[in-house]
Amino acid sequence: MTEVRVRFPPSPTGYLHIGGARTALYNWLFAKKHNGKLVLRIEDTDAERSTQASIDGIIEGLEWLGITWDEGPYFQTEFAAEHVARAHQLIRSGHAYKCFCTKEELDQKRDLAQEAKREYGYDGACRRLGAAEVAEREARGLPYVVRFKVEREAGGEVSFEDRVLGVVARSLHDIEDFVIVRSNGQPLYLLSNVVDDIRDRISHVIRGQDHLGNTAKQILLYRALGAPVPVFAHMPLTLDLNKAKISKRSHGEIVAVQFYQQRGFIPWALANFLVLLGWSPGDDREIFSREELIEAFTLERINRSNSIFNYKKDDPKFFTDPKAISINEHYLRTLPIEEVAGLVEADFKAKGLWREGYAGAERAWFLATLDLVRSRFHTIADFATLGRAYFADDFEFEEAAVRKNLLKFPELKEWLPQLADRLAALSDFTPEATEAVMRELAEELKVKPGVVINGVRTVVTGRLAGPSMFEVLTAIGQQRVVARLRRAGELFD
RNA sequence: GGCCCCUUCGUCUAGCGGCCUAGGACGCUGGCCUCUCACGCCGGUAACACGGGUUCGAACCCCGUAGGGGUCACCA
């Protein structure tokens, strides 16, 4: 069996699109599964868009997701000479020819055909030119493009067995003599892509179904160049709720991998979600470790139909596909706490919340506190916002919490400072001890324990709800709890 | 419009002729737990696009229809 070699060939657009990330992921999984190689190739022939920043954006996105490659990045522009050389080889072997038709002429013919509602394909005018005619035009310095000569014998068709779609066939009569080199001498994508894949010895081309229409032409190119045709697998596209292709232009940053990074997604959680968009293992599993996923992945189990990215704009509760969020939550609450801590550390450092003690003397406290609150958070970023009161004193008070837990019981303004004194007197600040003190106070005051407990919650954490209150007090610590309760009155003004 | 691909709950999907009165997950929702919220657990809601065949039997096979998507450049 020949070596499995796949590639991911993004064109640099400044960020890694989640659709591109999914393509990269499938290629990576397939390579890993078969002990093959993944080649990263930057298709930078569009010089306008290909800035270093764009390239960095894509590479960072891949690295963040944990997608590793074995070769590259290679840059398509570096091989332009080779692409053109191959085109001339095709001219010599009779598989391609020079075409002197101008763009204007062709546009005109196309417009005419469109008006008459006729099919349009290049009419092959230059294909019939004799050697002398070609020489004469070249001598006059006329610019030309190189066209591939499609041999259309009766009933001819080109077909291939797609690993996702099955047999796909297309009549040769539906394929025009396509251009492979521009009149300015620059090779076109169709050619470059094939020449690069041949040179990189790509065995399997795994790409989106938007490339399905190119495949027949490319197979013709492989054959004419005398190269083995790779196996193709065309994966379904990802659309939005209106069945439109998701794009940055119409959907904004939601389509960029970087967005998820910024919003505090766990990288593997996003990968896990993405892989499920158009693929399933055939059983009920949805959560996979890397190893499990590599083991389970097969091209044949990729779906044939497009999937929809379930994202409703303007729904604050779901800032992206709810399933993606739920998978992220799953990882957030089940990952070893040390791993969560690593992600929180990076986030805290970026936000100025990090304290060196969290890696040293306060390590146990730090881990226990993360563990205490993680089950009600959605992303890593929530620790610094919703969970801020555990790590800093400059947290905010939820308006609804103040209203429901404090203002509704004005007496708390007096009671809470009293409680502060009692808590300050405790020599053993344990959950059991604080609970006893609080219940005792509630009983003396003849109010339900919840009134006191929830009042404390809001004063101490700023929130309406949270973990077991007594655990929270221990986590935040006697000093800070007492200090916050003594100043409770300020919240009633 | 031509060509190509696709069509199971709102969404992601299982299903490859009988195990389907169609299973799981997310979402939504009822309940349990409880100091609140979340987690967790138990339950509910909701789908085979339509019409013809083939067959003893069809979500699964065939043919139409409808719908959706992709692609038709000297872009990638």
# chains A, B, ... in the order shown; residues from 1 in each chain; ligands from 1
$ residues_around --residues "region 46-48 of chain B" --least-positions-apart "2" --cutoff "12 Å" --atoms "only C-alpha atoms (C1' of nucleotides)" --output "ChimeraX atom specification"
/B:7-11,13,15,20,22,27-29,44,50,58-60
$ residues_around --residues "Lys243 (chain A)" --least-positions-apart "5" --cutoff "9 Å" --atoms "only C-alpha atoms (C1' of nucleotides)" --output "number ranges by chain"
A: 238, 306-308; B: 68-69
$ write_last_selection --atoms "C-alpha atoms (C1' of nucleotides)" --output "compact mmCIF listing (two decimals), in the first residue's frame"
# COMPACT_ATOMS: atom_id res chain seq x y z
CA THR A 238 -21.58 24.14 6.23
CA ASN A 306 -24.67 19.83 3.83
CA SER A 307 -25.01 20.67 7.47
CA ILE A 308 -26.30 23.82 9.04
C1' G B 68 -32.06 23.03 -1.19
C1' G B 69 -26.88 23.47 -2.26
$ select_by_dssp --residues "region 216-345 of chain A" --states "strand (DSSP E)" --output "VMD selection string"
chain A and resid 231 to 235 238 to 239 307 to 308
$ interface_residues --of "chain A" --to "chain B" --cutoff "6 Å" --atoms "only C-alpha atoms (C1' of nucleotides)" --output "list in words"
Arg182, Asp210, Gly213, Asp284, Ser305, Asn310, Lys323, Ser375, Arg376, Gly450, Ile453, Ala465 and Gly466 of chain A
$ closest_residue --among "A:Cys101, A:Leu106, A:Leu190, A:Val168" --to "Leu142 (chain A)" --atoms "only C-alpha atoms"
A:Cys101
$ atom_distance --atom1 "CA of Glu78 (chain A)" --atom2 "CA of Val255 (chain A)"
29.5 Å
$ closest_residue --among "A:Thr51, A:Ala21, A:Lys32, A:Leu221" --to "Ala87 (chain A)" --atoms "only C-alpha atoms"
A:Leu221
$ residues_around --residues "C32 (chain B)" --least-positions-apart "6" --cutoff "12 Å" --atoms "only C-alpha atoms (C1' of nucleotides)" --output "VMD selection string"
chain B and resid 40 to 43
$ write_last_selection --atoms "N, CA and C atoms (P, O5', C5', C4', C3', O3' and C1' of nucleotides)" --output "JSON list (two decimals), in the first residue's frame"
[["chain", "number", "residue", "atom", "x", "y", "z"],
["B", 40, "G", "P", -24.75, 17.39, 33.37],
["B", 40, "G", "O5'", -25.13, 16.35, 34.52],
["B", 40, "G", "C5'", -24.12, 15.54, 35.13],
["B", 40, "G", "C4'", -24.73, 14.71, 36.23],
["B", 40, "G", "C3'", -25.96, 13.93, 35.81],
["B", 40, "G", "O3'", -25.61, 12.71, 35.19],
["B", 40, "G", "C1'", -26.41, 15.08, 37.82],
["B", 41, "C", "P", -26.57, 12.14, 34.04],
["B", 41, "C", "O5'", -27.83, 11.61, 34.84],
["B", 41, "C", "C5'", -27.66, 10.57, 35.83],
["B", 41, "C", "C4'", -28.95, 10.40, 36.59],
["B", 41, "C", "C3'", -30.19, 10.25, 35.73],
["B", 41, "C", "O3'", -30.35, 8.92, 35.26],
["B", 41, "C", "C1'", -30.62, 11.83, 37.44],
["B", 42, "C", "P", -31.10, 8.69, 33.86],
["B", 42, "C", "O5'", -32.63, 8.91, 34.23],
["B", 42, "C", "C5'", -33.28, 8.03, 35.14],
["B", 42, "C", "C4'", -34.68, 8.52, 35.39],
["B", 42, "C", "C3'", -35.52, 8.78, 34.14],
["B", 42, "C", "O3'", -36.08, 7.60, 33.61],
["B", 42, "C", "C1'", -35.76, 10.58, 35.66],
["B", 43, "G", "P", -36.40, 7.57, 32.03],
["B", 43, "G", "O5'", -37.47, 8.73, 31.82],
["B", 43, "G", "C5'", -38.83, 8.46, 32.03],
["B", 43, "G", "C4'", -39.67, 9.71, 31.89],
["B", 43, "G", "C3'", -39.91, 10.29, 30.51],
["B", 43, "G", "O3'", -40.83, 9.53, 29.74],
["B", 43, "G", "C1'", -39.66, 12.03, 32.09]]
$ select_by_dssp --residues "region 142-199 of chain A" --states "helix (DSSP H, G or I)" --output "number ranges by chain"
A: 172-174, 189-199
$ atom_distance --atom1 "CA of Lys349 (chain A)" --atom2 "CA of Ala384 (chain A)"
10.4 Å
